[in-house]
Each structure stands twice: as structure tokens, then as C-alpha cells.
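Student: My structure is below; once you've seen it, I'll send some questions.
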Amino acid sequence: MGQAGQQGRGSRSNNLVVPQATAALHQLKMEAAQELGVQIPQDGYYGNYTSRETGSLGGYITKRLVQLAEQQLSGRSNS
């Protein structure tokens, strides 16, 4: 059984390259959820959420991470 067969079974294959970034990424997720009006489940189970809700959250986080990287590459401060 490959990776696709293990999805949804509690295994995670998305390990962070920089584990120390966990807190910052969690904060970013909380900010994105608040801005989009999506409540983060306390137990971490997203099975009761629509694809639109989780997709918009993931898309927003990705967009924000790209903006942060562009700012860092251009030498601008984070404001």
C-alpha cells in the first residue's frame, strides 16, 4: 500500500524542514482561520469540514507564506 492508501489514517508525511518553525506556522494557521471565519477543530479532526473550508485555509496560508518569502528575498522588513 503506497502513500495514497495511507491518507486519512493518522499518518503524516508532511514533515517540516525546520522543526523550530512549528509555533510560527501554528500562529499563521490561527490568523488565517480567524480572517476566513473557519474554526480550527480542537481535536485536530477536519473530517466535518468541507473541501472549500479546508482548501481556502490552505490556499490562504500558502499565499501568505509566498508573500513572506518574497519580502525576505527582496530585503524588505515584515510589516
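Residues are named by chain letter and number: chains run A, B, ... in the order of the C-alpha cells, numbers start at 1 in each chain, and ligands are numbered from 1 in the order shown.
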I'd like the contact shell of A:Leu57 - 8 Å cut-off, only C-alpha atoms, skipping same-chain residues fewer than 3 positions apart - returned as a ChimeraX atom specification.
Tutor: /A:29,32-33,36,38,53-54,60-61
Student: Report, in Å with one decimal, the straight-line distance from atom CA of A:Ser51 to atom CA of A:Val17.
Tutor: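 Computed distance, atom CA of A:Ser51 to atom CA of A:Val17, equals 26.1 Å.
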Student: Which value, in Å to one decimal, gives the distance between atom CA of A:Arg64 and atom CA of A:Leu28?
Tutor: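 Distance between the two atoms: 8.4 Å.
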Student: Just the number, please: distance in Å from atom CA of A:Asn15 to atom CA of A:Glu35, one decimal.
Tutor: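 Atom CA of A:Glu35 lies at a distance of 25.7 Å from atom CA of A:Asn15.
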Student: Show me, as a PDB file with N, CA and C atoms, in the first residue's frame, the residues that have an atom within 10 Å of A:Leu25 when counting only C-alpha atoms, minus same-chain residues fewer than 5 positions from it.
Tutor:
```pdb
ATOM      1  N   LEU A  16       8.181  18.966   8.677  1.00  0.00           N
ATOM      2  CA  LEU A  16       8.754  20.284   8.491  1.00  0.00           C
ATOM      3  C   LEU A  16      10.251  20.184   8.224  1.00  0.00           C
ATOM      4  N   GLN A  20      11.710  23.928  14.131  1.00  0.00           N
ATOM      5  CA  GLN A  20      11.549  25.061  15.033  1.00  0.00           C
ATOM      6  C   GLN A  20      10.483  26.040  14.528  1.00  0.00           C
ATOM      7  N   MET A  30      -3.744  29.943  12.704  1.00  0.00           N
ATOM      8  CA  MET A  30      -4.783  30.555  13.543  1.00  0.00           C
ATOM      9  C   MET A  30      -5.212  31.909  12.980  1.00  0.00           C
ATOM     10  N   GLU A  31      -4.254  32.704  12.549  1.00  0.00           N
ATOM     11  CA  GLU A  31      -4.577  34.011  11.966  1.00  0.00           C
ATOM     12  C   GLU A  31      -5.387  33.848  10.691  1.00  0.00           C
ATOM     13  N   ILE A  61      -2.927  30.258   3.596  1.00  0.00           N
ATOM     14  CA  ILE A  61      -1.630  30.069   4.256  1.00  0.00           C
ATOM     15  C   ILE A  61      -0.507  30.053   3.223  1.00  0.00           C
ATOM     16  N   LEU A  65       2.598  32.646   2.995  1.00  0.00           N
ATOM     17  CA  LEU A  65       3.987  32.186   3.042  1.00  0.00           C
ATOM     18  C   LEU A  65       4.782  32.679   1.841  1.00  0.00           C
TER      19      LEU A  65
END
```
Student: From stretch 4-67 of chain A, collect each residue whose DSSP state is helix (DSSP H, G or I) and return the set as number ranges by chain.
Tutor: A: 4-6, 19-36, 51-67
